[in-house]
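Asker: Structure in structure tokens, see below.
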Amino acid sequence: MASHHESIIREPLVTGENITYAKVTDDILKPVENMPNKAWWIGFTVASLGALLWVFAVSWTFWYGIGSWGLNKTVGWAWDITGFVWWVGIGHAGTLISAILLLFRQNWRNSINRSAEAMTIFAVICAASYIVCHMGRPWMAVYSLPLPNQYVLWVNFNSPLIWDVFAISTYFSVSLLFWYTGLLPDLATIRDRATGIRRRIYSIASFGWTGSLKTWQRFETVCLILAGVSTPLVLSVHTIVSMDFATSLEPGWHTTIFPPYFVAGAIFSGFAMVQTLLLVVRKVLGLENYITMFHIEAMNKIILVTGSIVGVAYLTEFFIAYYSGGEYEQYTFLNRFIGPYWWAGCMMYGCNVLMTQLMWFKKIRTNIHVSWVLSIVVNIGMWFERFVIIVTSLHRDFIPSSWAMFYPTWIDVSIFIGSIGLFFTMFLLFIRVLPSIAMAEVKLLLKSSSEQAKKKLMAEGHLEPQQVEFYKESLTKFDSVELADYKK
């Protein structure tokens with residue numbers, strides 16, 4: 001995490017003039033220490049209504065059972081498992097940003113890792129709620145854990161569903177620990193600025209952080225260890241989720257490409273959700289100097305790469321079905337185009353493959369409004385991908401006499417919409433009481449990767465004119481840079 005000297009031709013990670021350590025603290029803690037603005041209240045009101053809808057729909061499910069959903073004897077998994085896989089996938093970007101990019105010393109993660117990690121935790125909570133609901137009798141959830149009980153029951157370790165329990169619980173625990181560890185120095189900063197009961201609360205939450213040299217050394221060591229532990233989770237969690245399908249004999253599921261395919265799709269949808277959230281957060285909270293166009297374009301590049309990998313996986317699936325010679329497998333994929341759910345397949349391919357390819361163009365990648373719309377389109381497409389994989393594979397299986405259609409009920413729709421409201425409610429409360437950007441990590445960038453540091457290098461006159469011109473040209477895409485200052 002130590003600072004370093006950086007080439008002038010690299011784009012700045014922090015923009016603006018007179019950015020000091022104190023100003024970084026003031027800017028990032030402004031929404032935490034002051035009353036929320038009108039935009040926050042509007043968003044929180046809408047999200048809270050969605051969360052209330054989720055509480056009502058889940059309570060209805062617990063009272064009347066999952067017979068209130070649109071499931072039938074043929075389609076036993078539908079919107080419930082679709083929502084579960086979708087939410088787990090969204091949570092993947094947080095671990096990748098916080099762990100893998102830290103190990104690779106990618107300093108541009110410093111401004112976005114805090115919100116991405118929080119998003120991971122909230123997404124996993126939403127995913128877990130689907131599993132508990134799908135049990136029908138949620139008070140029996142304890143029996144999915146390998147714990148001694150009075151019925152002398154033991155879990156079946158051969159079942160991928162039990163692997164899910166271990167994968168998701170481990171993922172949640174490590175992500176929560178990583179997120180909270182990174183919060184400690186910032187919690188101590190809030191503690192030192194707060195008064196009264198707030199000071200007491202943040203004092204307890206900061207675990208006695210002193211800011212001494214030894215404290216920082218241990219902090220960096222623990223972060224690296226947690227990053228090493230978390231990195232395998234990026235690959236393992238969605239791999240295990242994919243095995244819920246790949247280990248079955250169902251046409252459309254029984255394929256070995258699912259693990260890498262699901263992991264790429266998870267990172268794809270996760271970064272899209274990070275983009276959706278942070279493009280709004282940077283505007284509403286006035287954080288344009290810390291979440292810059294460089295961060296937005298970098299995330300769009302990752303969305304482009306992972307979206308292209310997902311597109312290749314789609315083509316590979318069709319080739320495997322054709323080359324296998326299995327008539328059931330071939331019909332399953334043909335059914336995605338000409339069957340009654342053809343429109344869902346079109347949404348999946350259109351949103352995930354065709355729309356994503358627009359990001360090859362720099363003007364698209366650096367356009368905030370288009371990037372925000374495309375990030376939403378991506379997650380719409382990824383929801384339809386899970387729906388197509390699950391429902392279109394189940395509703396027409398080996399025996400035509402058992403074919404059936406799935407139609408969601410208002411409870412199915414309410415739980416899904418409500419889970420989105422629950423997610424945004426938790427995220428809005430997070431940015432209200434905790435810093436949405438890691439202050440301590442952003443401050444590390446001021447002396448090497450900030451706009452003012454690069455201006456200082458130019459003022460010293462030790463740079464080649466070609467380097468300076470290249471740097472100035474790279475700033476044209478930034479909406480937080482005063483280009484007039486470079487024309488003087």
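Going through the structure tokens in order, the chains are called A, B, and so on, while each chain numbers its residues from 1 and the ligands are numbered from 1 in the order shown.
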At most 9 Å is the cut-off: for each residue in range 394-428 of chain A with any atom that close to an atom of range 112-126 of chain A, write down the nearest atom pair and the distance in Å rounded to one decimal, counting only C-alpha atoms, chain first then increasing number, as a tab-separated table.
Answerer:
```
residue	atom	partner	partner_atom	distance
A:Ser419	CA	A:Cys126	CA	6.0
A:Ile420	CA	A:Cys126	CA	8.2
A:Leu422	CA	A:Cys126	CA	7.6
A:Phe423	CA	A:Phe122	CA	5.9
A:Phe424	CA	A:Phe122	CA	8.6
A:Met426	CA	A:Phe122	CA	6.8
A:Phe427	CA	A:Met119	CA	6.9
```
Asker: Taking C-alpha atoms for each residue, export the selection above as a CSV table (one decimal), in the first residue's frame.
Answerer:
```csv
chain,number,residue,atom,x,y,z
A,419,SER,CA,-34.9,-7.7,-2.8
A,420,ILE,CA,-33.7,-4.9,-5.0
A,422,LEU,CA,-33.7,-4.2,0.4
A,423,PHE,CA,-30.3,-4.0,-1.3
A,424,PHE,CA,-30.5,-0.3,-2.0
A,426,MET,CA,-28.8,-1.2,3.0
A,427,PHE,CA,-26.5,0.6,0.6
```
Asker: Write out as an MDAnalysis selection string the residues lying within 7 Å of range 72-82 of chain A, counting only C-alpha atoms and excluding same-chain residues fewer than 5 positions away.
Answerer: chainID A and resid 130 134 383 386:387 390:391 394:395 402:404 406 412
Asker: Could you write out that same residue set with N, CA and C atoms as a PDB file, in the first residue's frame?
Answerer:
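Listed below is the output, out-v9.pdb:
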```
ATOM      1  N   TYR A 130     -33.202 -15.756  -0.515  1.00  0.00           N
ATOM      2  CA  TYR A 130     -33.910 -16.614  -1.468  1.00  0.00           C
ATOM      3  C   TYR A 130     -33.827 -18.082  -1.062  1.00  0.00           C
ATOM      4  N   HIS A 134     -36.889 -20.514  -0.148  1.00  0.00           N
ATOM      5  CA  HIS A 134     -37.151 -21.686  -0.968  1.00  0.00           C
ATOM      6  C   HIS A 134     -37.272 -22.952  -0.135  1.00  0.00           C
ATOM      7  N   TRP A 383     -29.768 -11.231 -15.536  1.00  0.00           N
ATOM      8  CA  TRP A 383     -30.925 -11.868 -14.898  1.00  0.00           C
ATOM      9  C   TRP A 383     -31.614 -12.793 -15.892  1.00  0.00           C
ATOM     10  N   ARG A 386     -29.764 -16.153 -16.326  1.00  0.00           N
ATOM     11  CA  ARG A 386     -30.071 -17.158 -15.298  1.00  0.00           C
ATOM     12  C   ARG A 386     -31.478 -17.730 -15.494  1.00  0.00           C
ATOM     13  N   PHE A 387     -32.423 -16.871 -15.911  1.00  0.00           N
ATOM     14  CA  PHE A 387     -33.791 -17.333 -16.158  1.00  0.00           C
ATOM     15  C   PHE A 387     -33.814 -18.337 -17.311  1.00  0.00           C
ATOM     16  N   ILE A 390     -32.228 -21.718 -16.292  1.00  0.00           N
ATOM     17  CA  ILE A 390     -33.031 -22.497 -15.349  1.00  0.00           C
ATOM     18  C   ILE A 390     -34.373 -22.903 -15.942  1.00  0.00           C
ATOM     19  N   VAL A 391     -35.164 -21.935 -16.367  1.00  0.00           N
ATOM     20  CA  VAL A 391     -36.554 -22.227 -16.748  1.00  0.00           C
ATOM     21  C   VAL A 391     -36.652 -22.906 -18.101  1.00  0.00           C
ATOM     22  N   LEU A 394     -35.758 -26.528 -17.847  1.00  0.00           N
ATOM     23  CA  LEU A 394     -36.660 -27.376 -17.071  1.00  0.00           C
ATOM     24  C   LEU A 394     -38.024 -27.570 -17.725  1.00  0.00           C
ATOM     25  N   HIS A 395     -38.549 -26.522 -18.379  1.00  0.00           N
ATOM     26  CA  HIS A 395     -39.967 -26.590 -18.755  1.00  0.00           C
ATOM     27  C   HIS A 395     -40.219 -27.584 -19.891  1.00  0.00           C
ATOM     28  N   SER A 402     -44.695 -34.217 -19.839  1.00  0.00           N
ATOM     29  CA  SER A 402     -44.481 -33.447 -18.613  1.00  0.00           C
ATOM     30  C   SER A 402     -44.123 -31.992 -18.882  1.00  0.00           C
ATOM     31  N   TRP A 403     -44.118 -31.595 -20.143  1.00  0.00           N
ATOM     32  CA  TRP A 403     -43.783 -30.206 -20.467  1.00  0.00           C
ATOM     33  C   TRP A 403     -44.807 -29.257 -19.840  1.00  0.00           C
ATOM     34  N   ALA A 404     -44.318 -28.135 -19.370  1.00  0.00           N
ATOM     35  CA  ALA A 404     -45.209 -27.151 -18.741  1.00  0.00           C
ATOM     36  C   ALA A 404     -44.585 -25.774 -18.844  1.00  0.00           C
ATOM     37  N   PHE A 406     -44.002 -21.921 -17.114  1.00  0.00           N
ATOM     38  CA  PHE A 406     -43.910 -21.250 -15.816  1.00  0.00           C
ATOM     39  C   PHE A 406     -44.439 -19.827 -15.959  1.00  0.00           C
ATOM     40  N   ASP A 412     -43.852 -13.926  -6.549  1.00  0.00           N
ATOM     41  CA  ASP A 412     -42.543 -14.048  -7.207  1.00  0.00           C
ATOM     42  C   ASP A 412     -41.991 -12.678  -7.557  1.00  0.00           C
TER      43      ASP A 412
END
```
Asker: As a VMD selection string, please: all residues of range 101-225 of chain A that backbone DSSP puts in alpha helix (DSSP H).
Answerer: chain A and resid 101 to 103 113 to 134 160 to 193 196 to 205 213 to 225
Asker: Pick out the residues sitting within 10 Å of Leu102 in chain A, and hand them over as a list in words; count only C-alpha atoms, and ignore anything fewer than 6 positions along from it in its own chain.
Answerer: Met1, Leu96, Trp108, Arg109, Asn110, Asn113, Cys223, Leu224, Ala227 and Gly228 of chain A
Asker: Report the distance between CA of Gly311 in chain A and CA of Ala264 in chain A in Å, rounded to one decimal place.
Answerer: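 According to the coordinates, CA of Gly311 in chain A and CA of Ala264 in chain A are separated by 10.1 Å.
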Asker: How close does each residue of range 328-386 of chain A get to range 301-309 of chain A, giving the shortest atom pair and distance in Å to one decimal for every residue with an atom at most 12 Å away, counting only C-alpha atoms, sorted by chain and residue number, as JSON lines?
Answerer:
```
{"residue": "A:Met348", "atom": "CA", "partner": "A:Gly307", "partner_atom": "CA", "distance": 11.6}
{"residue": "A:Tyr349", "atom": "CA", "partner": "A:Gly307", "partner_atom": "CA", "distance": 10.5}
{"residue": "A:Gly350", "atom": "CA", "partner": "A:Gly307", "partner_atom": "CA", "distance": 11.4}
{"residue": "A:Cys351", "atom": "CA", "partner": "A:Gly307", "partner_atom": "CA", "distance": 9.7}
{"residue": "A:Asn352", "atom": "CA", "partner": "A:Gly307", "partner_atom": "CA", "distance": 6.3}
{"residue": "A:Val353", "atom": "CA", "partner": "A:Gly307", "partner_atom": "CA", "distance": 6.3}
{"residue": "A:Leu354", "atom": "CA", "partner": "A:Gly307", "partner_atom": "CA", "distance": 9.3}
{"residue": "A:Met355", "atom": "CA", "partner": "A:Gly307", "partner_atom": "CA", "distance": 9.5}
{"residue": "A:Thr356", "atom": "CA", "partner": "A:Leu304", "partner_atom": "CA", "distance": 6.0}
{"residue": "A:Gln357", "atom": "CA", "partner": "A:Leu304", "partner_atom": "CA", "distance": 6.7}
{"residue": "A:Leu358", "atom": "CA", "partner": "A:Leu304", "partner_atom": "CA", "distance": 8.5}
{"residue": "A:Met359", "atom": "CA", "partner": "A:Leu304", "partner_atom": "CA", "distance": 6.2}
{"residue": "A:Trp360", "atom": "CA", "partner": "A:Leu304", "partner_atom": "CA", "distance": 7.4}
{"residue": "A:Phe361", "atom": "CA", "partner": "A:Lys301", "partner_atom": "CA", "distance": 10.3}
{"residue": "A:Lys362", "atom": "CA", "partner": "A:Lys301", "partner_atom": "CA", "distance": 9.8}
{"residue": "A:Ile364", "atom": "CA", "partner": "A:Lys301", "partner_atom": "CA", "distance": 10.9}
{"residue": "A:Arg365", "atom": "CA", "partner": "A:Lys301", "partner_atom": "CA", "distance": 7.7}
{"residue": "A:Thr366", "atom": "CA", "partner": "A:Lys301", "partner_atom": "CA", "distance": 10.5}
{"residue": "A:Ser371", "atom": "CA", "partner": "A:Ile303", "partner_atom": "CA", "distance": 10.4}
{"residue": "A:Leu374", "atom": "CA", "partner": "A:Ile303", "partner_atom": "CA", "distance": 9.9}
{"residue": "A:Ser375", "atom": "CA", "partner": "A:Ile303", "partner_atom": "CA", "distance": 8.6}
{"residue": "A:Ile376", "atom": "CA", "partner": "A:Ile303", "partner_atom": "CA", "distance": 11.9}
{"residue": "A:Val377", "atom": "CA", "partner": "A:Ile303", "partner_atom": "CA", "distance": 11.8}
{"residue": "A:Val378", "atom": "CA", "partner": "A:Gly307", "partner_atom": "CA", "distance": 8.7}
{"residue": "A:Asn379", "atom": "CA", "partner": "A:Ile303", "partner_atom": "CA", "distance": 11.1}
{"residue": "A:Gly381", "atom": "CA", "partner": "A:Gly307", "partner_atom": "CA", "distance": 10.7}
{"residue": "A:Met382", "atom": "CA", "partner": "A:Gly307", "partner_atom": "CA", "distance": 10.1}
```
Asker: Which one is closest to Ser324 in chain A: A:Leu52, A:Pro251, A:Arg193, A:Ser175? Count only C-alpha atoms.
Answerer: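 So, comparing all the options, the nearest one is A:Pro251.
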Asker: Go ahead and compute the interatomic distance for CA of Gly418 in chain A and CA of Ala127 in chain A, in Å to one decimal.
Answerer: 12.3 Å
Asker: Excluding same-chain residues fewer than 2 positions from range 176-188 of chain A, what lies within 8 Å of it counting only C-alpha atoms, as JSON, numbers by chain?
Answerer: {"A": [114, 117, 118, 121, 172, 173, 174, 190, 191, 192, 202, 203, 205, 206, 207, 208, 209, 210, 211, 219, 223, 226, 227, 434, 435, 438, 439, 440]}
Asker: Near range 53-56 of chain A, counting only C-alpha atoms, which residues have an atom at most 7 Å away, once you skip same-chain residues fewer than 3 positions from it, shown as a PyMOL selection string?
Answerer: chain A and resi 49-50+59-60+414-415+418-419
